[in-house]
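Peer 1: TSV, C-alpha atoms and all ligand atoms, saved as coords33.tsv, coming up:
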```tsv
chain	number	residue	atom	x	y	z
A	1	MET	CA	-14.43	-4.10	21.54
A	2	ARG	CA	-12.15	-1.12	21.90
A	3	ARG	CA	-11.01	-1.65	18.39
A	4	ALA	CA	-14.57	-1.65	17.12
A	5	ARG	CA	-15.30	1.57	18.94
A	6	TRP	CA	-12.17	3.23	17.63
A	7	ARG	CA	-13.15	2.24	14.16
A	8	ARG	CA	-16.59	3.80	14.41
A	9	CYS	CA	-15.11	6.98	15.81
A	10	ALA	CA	-12.44	7.14	13.19
A	11	ILE	CA	-14.92	6.79	10.39
A	12	ALA	CA	-17.62	9.03	11.80
A	13	GLY	CA	-15.26	11.69	13.12
A	14	LEU	CA	-12.90	11.90	10.24
A	15	LEU	CA	-15.63	11.63	7.65
A	16	ALA	CA	-16.46	15.22	8.46
A	17	LEU	CA	-12.82	16.18	8.11
A	18	ALA	CA	-12.43	14.39	4.82
A	19	GLY	CA	-15.44	16.19	3.40
A	20	LEU	CA	-14.08	19.55	4.38
A	21	ALA	CA	-10.47	18.87	3.54
A	22	PRO	CA	-8.87	21.47	1.29
A	23	THR	CA	-8.35	20.43	-2.28
A	24	GLY	CA	-4.62	21.12	-2.24
A	25	THR	CA	-3.47	17.66	-3.29
A	26	LEU	CA	-5.54	17.04	-6.38
A	27	ARG	CA	-3.17	15.46	-8.84
A	28	ALA	CA	-4.60	12.50	-10.67
A	29	GLU	CA	-1.97	11.54	-13.21
A	30	TYR	CA	-2.02	9.52	-16.37
A	31	GLY	CA	-2.54	5.86	-15.49
A	32	ASP	CA	-4.04	6.49	-12.06
A	33	VAL	CA	-7.20	4.58	-11.25
A	34	ILE	CA	-10.17	6.49	-9.84
A	35	ILE	CA	-12.19	4.35	-7.46
A	36	ASN	CA	-15.62	5.79	-6.88
A	37	LYS	CA	-18.02	2.96	-6.36
A	38	ARG	CA	-19.18	4.25	-2.99
A	39	SER	CA	-17.15	7.33	-2.12
A	40	ASP	CA	-19.43	10.01	-3.57
A	41	GLN	CA	-22.45	8.18	-2.29
A	42	GLU	CA	-21.00	8.08	1.21
A	43	GLY	CA	-19.93	11.72	1.17
A	44	VAL	CA	-16.17	11.43	0.71
A	45	ARG	CA	-14.01	12.35	-2.27
A	46	PRO	CA	-13.31	9.62	-4.83
A	47	VAL	CA	-10.11	7.63	-4.32
A	48	VAL	CA	-7.19	8.34	-6.64
A	49	PHE	CA	-5.06	5.20	-6.72
A	50	PRO	CA	-1.61	5.71	-8.26
A	51	HIS	CA	-1.39	2.34	-9.95
A	52	TRP	CA	2.04	2.75	-11.52
A	53	PHE	CA	3.55	4.03	-8.31
A	54	HIS	CA	2.53	0.66	-6.80
A	55	ARG	CA	3.22	-1.47	-9.86
A	56	ILE	CA	6.89	-0.58	-9.87
A	57	ARG	CA	7.19	-1.57	-6.21
A	58	TYR	CA	5.21	-4.81	-6.01
A	59	ARG	CA	4.48	-7.78	-8.15
A	60	CYS	CA	1.05	-7.81	-9.71
A	61	LYS	CA	0.11	-10.94	-7.84
A	62	VAL	CA	0.51	-9.30	-4.44
A	63	CYS	CA	-2.60	-7.26	-5.09
A	64	HIS	CA	-4.40	-9.16	-7.83
A	65	GLN	CA	-4.14	-12.62	-6.29
A	66	GLU	CA	-3.15	-12.42	-2.67
A	67	LEU	CA	-5.17	-9.30	-1.78
A	68	GLY	CA	-8.01	-10.15	-4.15
A	69	PHE	CA	-8.24	-6.93	-6.20
A	70	LYS	CA	-9.99	-7.74	-9.47
A	71	MET	CA	-8.12	-6.38	-12.47
A	72	ARG	CA	-10.87	-4.10	-13.67
A	73	ALA	CA	-11.33	-0.46	-12.75
A	74	GLY	CA	-14.40	-0.07	-10.59
A	75	ALA	CA	-14.89	-3.80	-10.14
A	76	ASN	CA	-13.96	-4.04	-6.48
A	77	ASP	CA	-16.24	-3.70	-3.47
A	78	VAL	CA	-13.98	-2.08	-0.92
A	79	LEU	CA	-15.37	-0.96	2.41
A	80	MET	CA	-13.46	1.34	4.69
A	81	THR	CA	-13.98	-1.12	7.56
A	82	ASP	CA	-12.17	-3.76	5.48
A	83	ILE	CA	-9.22	-1.43	4.99
A	84	ILE	CA	-9.06	-0.66	8.71
A	85	ASP	CA	-9.20	-4.43	9.33
A	86	GLY	CA	-6.10	-4.87	7.19
A	87	LYS	CA	-7.66	-5.98	3.92
A	88	PHE	CA	-7.18	-4.47	0.44
A	89	CYS	CA	-5.25	-1.19	0.73
A	90	GLY	CA	-5.09	-1.83	4.49
A	91	MET	CA	-2.74	-4.76	4.00
A	92	CYS	CA	0.02	-2.18	3.55
A	93	HIS	CA	-1.52	1.09	4.68
A	94	ASN	CA	-1.38	0.05	8.31
A	95	HIS	CA	1.32	2.29	9.84
A	96	GLN	CA	3.88	-0.44	9.22
A	97	ILE	CA	4.52	-0.99	5.55
A	98	ALA	CA	3.08	2.43	4.68
A	99	TRP	CA	1.18	5.25	6.38
A	100	GLY	CA	-2.12	4.30	7.94
A	101	PRO	CA	-5.83	4.50	7.18
A	102	ASP	CA	-6.21	7.66	9.23
A	103	ARG	CA	-4.68	9.70	6.36
A	104	CYS	CA	-8.04	10.02	4.60
A	105	GLU	CA	-7.07	12.84	2.30
A	106	LEU	CA	-4.09	11.01	0.78
A	107	CYS	CA	-6.41	8.41	-0.76
A	108	HIS	CA	-9.67	10.35	-1.01
A	109	SER	CA	-8.15	13.10	-3.13
A	110	GLY	CA	-10.29	13.09	-6.27
A	111	LEU	CA	-12.76	15.77	-7.33
A	112	PRO	CA	-16.30	14.89	-6.32
A	113	GLY	CA	-18.16	13.34	-9.23
A	114	LEU	CA	-15.18	11.73	-11.00
A	115	PRO	CA	-16.35	8.38	-12.36
A	116	SER	CA	-14.43	5.15	-11.68
A	117	GLY	CA	-11.89	4.44	-14.39
A	118	ILE	CA	-8.38	5.01	-15.62
A	119	VAL	CA	-7.12	8.56	-15.97
A	120	GLY	CA	-6.12	8.97	-19.60
A	121	GLY	CA	-8.36	6.16	-20.75
A	122	ALA	CA	-5.51	3.76	-21.54
A	123	GLN	CA	-7.45	0.86	-20.11
A	124	THR	CA	-6.14	-2.61	-20.77
A	125	SER	CA	-8.78	-5.19	-21.52
A	126	GLY	CA	-7.83	-7.84	-19.04
A	127	PRO	CA	-5.50	-10.81	-18.88
A	128	GLY	CA	-3.01	-11.07	-21.69
A	129	ARG	CA	-3.14	-7.45	-22.78
A	130	TRP	CA	-0.36	-5.71	-20.87
B	1	LIG	C1	-5.11	3.76	1.84
B	1	LIG	C2	-6.19	4.45	1.16
B	1	LIG	C3	-7.37	4.95	1.97
B	1	LIG	C4	-7.35	5.73	3.11
B	1	LIG	C5	-6.15	6.26	3.86
B	1	LIG	C6	-8.74	5.97	3.44
B	1	LIG	N1	-9.55	5.38	2.54
B	1	LIG	FE1	-11.59	5.39	2.58
B	1	LIG	N2	-11.61	4.14	0.97
B	1	LIG	C7	-10.51	3.73	0.24
B	1	LIG	C8	-10.95	2.93	-0.90
B	1	LIG	C9	-10.07	2.31	-1.95
B	1	LIG	C10	-12.38	2.91	-0.84
B	1	LIG	C11	-13.35	2.32	-1.84
B	1	LIG	C12	-13.84	3.50	-2.67
B	1	LIG	C13	-15.06	3.31	-3.51
B	1	LIG	O1	-15.43	2.17	-3.82
B	1	LIG	O2	-15.68	4.35	-3.88
B	1	LIG	C14	-12.75	3.68	0.35
B	1	LIG	C15	-14.05	3.88	0.74
B	1	LIG	C16	-14.45	4.74	1.75
B	1	LIG	C17	-15.84	5.05	2.06
B	1	LIG	C18	-17.08	4.49	1.34
B	1	LIG	C19	-17.27	3.02	1.67
B	1	LIG	C20	-17.69	2.77	3.07
B	1	LIG	O3	-17.07	1.91	3.72
B	1	LIG	O4	-18.61	3.44	3.56
B	1	LIG	C21	-15.83	5.94	3.09
B	1	LIG	C22	-17.04	6.58	3.78
B	1	LIG	C23	-14.43	6.19	3.43
B	1	LIG	N3	-13.63	5.44	2.59
B	1	LIG	C24	-14.01	7.06	4.40
B	1	LIG	C25	-12.67	7.22	4.77
B	1	LIG	C26	-12.24	8.01	5.90
B	1	LIG	C27	-13.16	8.82	6.80
B	1	LIG	C28	-10.87	7.88	5.95
B	1	LIG	C29	-9.93	8.42	7.00
B	1	LIG	C30	-10.26	8.01	8.37
B	1	LIG	C31	-10.46	7.03	4.85
B	1	LIG	N4	-11.58	6.65	4.15
B	1	LIG	C32	-9.15	6.72	4.55
B	1	LIG	C33	-9.20	4.01	0.54
B	1	LIG	C34	-8.76	4.74	1.62
B	2	LIG	C1	-0.67	-2.26	-4.73
B	2	LIG	C2	-1.64	-3.08	-5.39
B	2	LIG	C3	-1.54	-3.33	-6.88
B	2	LIG	C4	-0.45	-3.79	-7.60
B	2	LIG	C5	0.93	-4.16	-7.09
B	2	LIG	C6	-0.92	-3.93	-8.97
B	2	LIG	N1	-2.22	-3.54	-9.06
B	2	LIG	FE1	-3.36	-3.52	-10.73
B	2	LIG	N2	-4.88	-2.64	-9.73
B	2	LIG	C7	-4.90	-2.41	-8.37
B	2	LIG	C8	-6.13	-1.72	-8.02
B	2	LIG	C9	-6.53	-1.28	-6.61
B	2	LIG	C10	-6.84	-1.52	-9.21
B	2	LIG	C11	-8.16	-0.79	-9.41
B	2	LIG	C12	-9.29	-1.72	-9.14
B	2	LIG	C13	-10.62	-1.00	-9.06
B	2	LIG	O1	-10.77	0.06	-9.67
B	2	LIG	O2	-11.52	-1.52	-8.38
B	2	LIG	C14	-6.04	-2.14	-10.27
B	2	LIG	C15	-6.42	-2.21	-11.60
B	2	LIG	C16	-5.75	-2.94	-12.56
B	2	LIG	C17	-6.21	-3.15	-13.90
B	2	LIG	C18	-7.49	-2.59	-14.50
B	2	LIG	C19	-7.23	-1.18	-14.89
B	2	LIG	C20	-6.47	-1.09	-16.18
B	2	LIG	O3	-5.38	-0.47	-16.17
B	2	LIG	O4	-6.96	-1.62	-17.17
B	2	LIG	C21	-5.27	-3.92	-14.54
B	2	LIG	C22	-5.32	-4.45	-15.96
B	2	LIG	C23	-4.20	-4.17	-13.59
B	2	LIG	N3	-4.54	-3.56	-12.39
B	2	LIG	C24	-3.04	-4.86	-13.87
B	2	LIG	C25	-1.93	-4.91	-13.04
B	2	LIG	C26	-0.64	-5.47	-13.40
B	2	LIG	C27	-0.34	-6.10	-14.74
B	2	LIG	C28	0.18	-5.33	-12.32
B	2	LIG	C29	1.65	-5.70	-12.17
B	2	LIG	C30	2.54	-5.13	-13.18
B	2	LIG	C31	-0.60	-4.68	-11.27
B	2	LIG	N4	-1.88	-4.44	-11.75
B	2	LIG	C32	-0.14	-4.39	-10.02
B	2	LIG	C33	-3.91	-2.74	-7.48
B	2	LIG	C34	-2.64	-3.17	-7.81
B	3	LIG	C1	1.28	-4.06	-1.32
B	3	LIG	C2	1.29	-2.87	-0.49
B	3	LIG	C3	0.34	-1.73	-0.81
B	3	LIG	C4	-1.00	-1.81	-1.11
B	3	LIG	C5	-1.88	-3.03	-1.19
B	3	LIG	C6	-1.45	-0.45	-1.32
B	3	LIG	N1	-0.41	0.43	-1.14
B	3	LIG	FE1	-0.50	2.45	-1.40
B	3	LIG	N2	1.50	2.56	-0.98
B	3	LIG	C7	2.30	1.52	-0.56
B	3	LIG	C8	3.63	2.04	-0.21
B	3	LIG	C9	4.80	1.24	0.32
B	3	LIG	C10	3.58	3.43	-0.43
B	3	LIG	C11	4.69	4.45	-0.19
B	3	LIG	C12	4.53	4.94	1.22
B	3	LIG	C13	5.48	6.05	1.57
B	3	LIG	O1	5.95	6.77	0.68
B	3	LIG	O2	5.73	6.20	2.78
B	3	LIG	C14	2.21	3.72	-0.92
B	3	LIG	C15	1.80	4.99	-1.29
B	3	LIG	C16	0.52	5.32	-1.66
B	3	LIG	C17	0.07	6.64	-2.06
B	3	LIG	C18	0.97	7.87	-2.17
B	3	LIG	C19	1.69	7.84	-3.49
B	3	LIG	C20	2.69	8.96	-3.65
B	3	LIG	O3	2.76	9.54	-4.74
B	3	LIG	O4	3.40	9.25	-2.67
B	3	LIG	C21	-1.28	6.56	-2.28
B	3	LIG	C22	-2.20	7.69	-2.70
B	3	LIG	C23	-1.68	5.18	-2.05
B	3	LIG	N3	-0.56	4.46	-1.68
B	3	LIG	C24	-2.97	4.72	-2.15
B	3	LIG	C25	-3.32	3.37	-2.06
B	3	LIG	C26	-4.69	2.88	-2.24
B	3	LIG	C27	-5.90	3.73	-2.52
B	3	LIG	C28	-4.61	1.52	-2.12
B	3	LIG	C29	-5.72	0.51	-2.29
B	3	LIG	C30	-6.56	0.66	-3.50
B	3	LIG	C31	-3.23	1.17	-1.85
B	3	LIG	N4	-2.48	2.32	-1.82
B	3	LIG	C32	-2.75	-0.12	-1.67
B	3	LIG	C33	1.95	0.20	-0.50
B	3	LIG	C34	0.70	-0.32	-0.81
```
Starting from the file, give its structure as structure tokens.
Peer 2:
Amino acid sequence: MRRARWRRCAIAGLLALAGLAPTGTLRAEYGDVIINKRSDQEGVRPVVFPHWFHRIRYRCKVCHQELGFKMRAGANDVLMTDIIDGKFCGMCHNHQIAWGPDRCELCHSGLPGLPSGIVGGAQTSGPGRW
């Protein structure tokens, strides 16, 4: 119950913050994945996911099998409530393995309007191609 309430507050309250956050940290790099299936629509900045930063730290299967991320840019339906419940990014971004879901601006750092996809366009075409 309390958890559910906290979650609603966190999303509603910080949504405003995220929208107004200064653009200081915009730094999508080559190979980053922009995730913008819902962000723009829901009034937050697109997510810039530093794929290589994570790839050098974890095995592919941690995310692409165990956490269920499909290996295609823009192919995943990720809700913020899932993340706060410890799924997807929230499996690690939980204040334990890494900083928590309250740090909106660290993930939602893309320029509004950026389409989902790989920065630099070096998209692999699925299994067997990397
Ligand atoms: C660890 C990374 C991360 C953090 C931190 C984070 N988000 Fe997200 N969020 C995502 C990802 C990934 C998506 C899916 C984006 C998409 O599909 O466009 C998402 C989607 C969303 C969405 C759209 C989907 C939905 O559930 O309505 C909203 C709104 C949102 N986040 C708000 C927030 C707010 C507010 C915060 C801070 C309290 C926050 N996010 C913090 C990664 C994060
Ligand atoms: C920390 C989690 C994580 C790890 C570890 C990870 N990935 Fe990903 N990967 C993602 C996410 C998130 C996306 C973007 C999905 C989306 O846009 O919906 C992605 C996208 C992809 C894509 C599609 C984009 C592209 O570049 O063509 C491929 C292919 C891929 N990953 C392969 C790999 C391989 C190979 C490894 C291991 C060397 C790996 N991933 C490790 C989370 C991860
Ligand atoms: C398997 C664990 C894991 C998953 C899943 C994961 N992350 Fe991370 N992420 C980390 C760790 C660990 C760090 C480093 C934290 C630190 O420096 O304190 C990190 C750092 C980051 C950073 C900062 C990178 C930098 O340059 O400092 C961003 C942005 C980020 N993650 C976004 C995401 C998003 C968005 C998702 C989901 C699409 C996600 N992460 C999923 C473990 C994960």
Peer 1: Can you list, as a PyMOL selection string, every protein, DNA or RNA residue that comes within 8 Å of A:Lys37 when you count all atoms listed in the file, leaving out same-chain residues fewer than 4 positions away?
Peer 2: chain A and resi 41+74+77+116
Peer 1: List all protein, DNA and RNA residues that have any atom at most 6 Å from ligand LIG 1 (chain B), counting only C-alpha atoms and all ligand atoms, and write the list as number ranges by chain.
Peer 2: A: 10-11, 14-15, 18, 35-39, 42, 44, 46-47, 77-81, 89, 93, 101-104, 107
Peer 1: Which residues, written as a list in words, have at least one atom at most 9 Å from A:Phe49, with only C-alpha atoms counted and residues fewer than 5 positions away on the same chain left out?
Peer 2: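 These residues fall inside the cut-off: Ala28, Asp32, Val33, Ile34, Ile35, His54, Cys107 and His108 of chain A.
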Peer 1: Neighbours of ligand LIG 2 (chain B) within 10 Å, counting all atoms listed in the file, as a VMD selection string?
Peer 2: chain A and resid 31 to 37 47 to 78 88 to 89 91 to 92 116 to 119 121 to 130
Peer 1: So which one's closest to ligand LIG 3 (chain B), A:Pro112, A:Gln96, A:Asp40, A:Gly120? Using all atoms listed in the file, please.
Peer 2: A:Gln96
Peer 1: Just to confirm, what's the straight-line distance from atom CA of A:Tyr30 to atom CA of A:Gly90 in Å (one decimal)?
Peer 2: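 Value for the atom CA of A:Tyr30-atom CA of A:Gly90 distance: 23.9 Å.
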Peer 1: Please, what distance in Å, to one decimal, runs between atom C23 of ligand LIG 3 (chain B) and atom CA of A:Asp85?
Peer 2: 16.7 Å
Peer 1: In Å, with one decimal, what is the gap from atom CA of A:Lys87 to atom C26 of ligand LIG 3 (chain B)?
Peer 2: 11.2 Å
